[in-house]
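Engineer: Got a structure here, written out as structure tokens. Questions coming.
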2 protein chains.
Amino acid sequence: MSKNMKAQKAEETRSILLKEAENLFALRGYDAVSVDDICQAAGVSKGGFYHHFSSKEALFLELLDRWLSHLDEELLKIESSTSTVEEAIARMTDVAGYVIEQAEGSYGILFEFWNKARHEEKIWQSAVSYFERYRKFFLKILKKGRENGEFQPFDLELYSQIMVSLAVGVFLQAALDPRGSDWKASLRRMIGIILKELKSAQA
Amino acid sequence: MSKNMKAQKAEETRSILLKEAENLFALRGYDAVSVDDICQAAGVSKGGFYHHFSSKEALFLELLDRWLSHLDEELLKIESSTSTVEEAIARMTDVAGYVIEQAEGSYGILFEFWNKARHEEKIWQSAVSYFERYRKFFLKILKKGRENGEFQPFDLELYSQIMVSLAVGVFLQAALDPRGSDWKASLRRMIGIILKELKSAQA
DNA sequence: TTTCACAAACCGACTGGTCGGTATATTACC
DNA sequence: GGTAATATACCGACCAGTCGGTTTGTGAAA
């Protein structure tokens, strides 16, 4: 232990609180989870909690930030590391599939974000801008495909909206009913159909 | 006043409570709305509230029932009154558009249903069966189209899943950001594209 | 037609309990 | 000894639901 044992332990306490809170929020919802619940799950006292976070809401916002920056990283990785357009779309679909998978193991925290977004300005802005970014990212890829001659040159805005809407719709159903279908595979096939259409359609 | 003034008044009180509660739930969410809030909005005392409803939850369930049976009625109407498959799909899309429109004027109560569904078995069953019914209804229409020779004979299950997912995804985005786009028109165009694909695709 | 007993409708103060957050004490590392 | 980290006891606000009591239409007897 080279440096500061105490600070290290504190960091750990903090991340345990975050992890347990995320679990509980995803499982039972923000409102139904009390600070005491989080403390108990994390094995930390209330004083400890409020030493690390100024409020329950602040912790929630930090979870949101982490999620969004994680997704941003993924988008950047895709942008920089894929060569063909088709491959980029496939990777995007995989990311969406990953999100869907997280909804399975009690990790439906994204749903909780959307839910709170309806009633809290700050979170709302994050959520809306996230959809926007996702859609624009798809659009950028599609435009690149058009320039390559891979896709027909029309209505790309609508097509990117379709892809995001499909992902959102599938995610919501998956969050609600994880075992109702193989959602990840469904989404992949859906996107496949849209892509095929894009390639063959006449304007 | 022919019959029973008192019963009539009571009925009115009850429906005012339902209406105001629906408004408030849609606007601020189930948890954030107290029974006192509902009573105040409706101009009814707490005793009055509990005279009509056994609990806050019971009122919520009644709202859910009303919504679902309303949608069922619409589906039945479509089934019995449309002749061509294309027309049926257009009408389905209109119904979805109607739901989206309701999300605009603070009537995002459907979102509240989905949200509660995650944590309450009873509501969850309703929500899941509703998706199921919606998808099966689309499928039935598509199969009819296949028999007519209007559509190609393959993958209809996936196509009906696509349509429902699109509707759900668009609805969620519309509930979150009503003015972000003309969601109703978007959905119509999206469904149009899927239909075109269905007609022309080769298996 | 008037009276009156009854029940449905309604009222609002109150209760038991929960929850987010705070104030204060204690510990352990620097 | 001072400071960051953690613990414990506690506060005030709120909230779903209860309860004893009051109003008001109704229907039947007088």
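Each chain in the structure tokens gets a letter, A, B, ..., in the order shown, and its residues are numbered from 1; ligands are numbered from 1 in order too.
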Chain B residues within 9 Å of chain C, counting only C-alpha atoms (C1' of nucleotides): which ones, as number ranges by chain?

Structural biologist: B: 6-7, 10, 44-49, 51

Engineer: What's around Tyr134 (chain B) at 12 Å? Count only C-alpha atoms (C1' of nucleotides), leave out sequence neighbours fewer than 5 positions away in its own chain, and write the answer as a list in words.

Structural biologist: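 Everything that qualifies: Leu68, Leu71, Asp72, Glu74, Leu75, Leu76, Ile89, Met92, Thr93, Val95, Ala96, Ala127, Val128, Ser129, Leu139, Lys140, Ile141, Ser160, Gln161, Ile162, Met163, Val164, Ser165, Ala167 and Val168 of chain B.
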
Engineer: Please determine the contact residues of chain D with respect to chain B at a cut-off of 9 Å, counting only C-alpha atoms (C1' of nucleotides), and supply them as JSON, numbers by chain.

Structural biologist: {"D": [15, 16, 17, 24, 25, 26]}

Engineer: Can you list, as a ChimeraX atom specification, all residues belonging to region 56-164 of chain B that DSSP tags as alpha helix (DSSP H)?

Structural biologist: /B:56-81,85-104,109-117,121-148,156-164

Engineer: Chain A residues within 10 Å of chain B, counting only C-alpha atoms: which ones, as an MDAnalysis selection string?

Structural biologist: chainID A and resid 26:29 31:32 108 111:112 114:120 124:125 127:128 131:132 158:159 161:173 175:177 180 186:187 189:191 193:194 196:198 200:201

Engineer: Provide the CA of Phe60 (chain A) to CA of Glu121 (chain B) distance in Å, to one decimal place.

Structural biologist: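 Distance reported for this atom pair: 25.5 Å.
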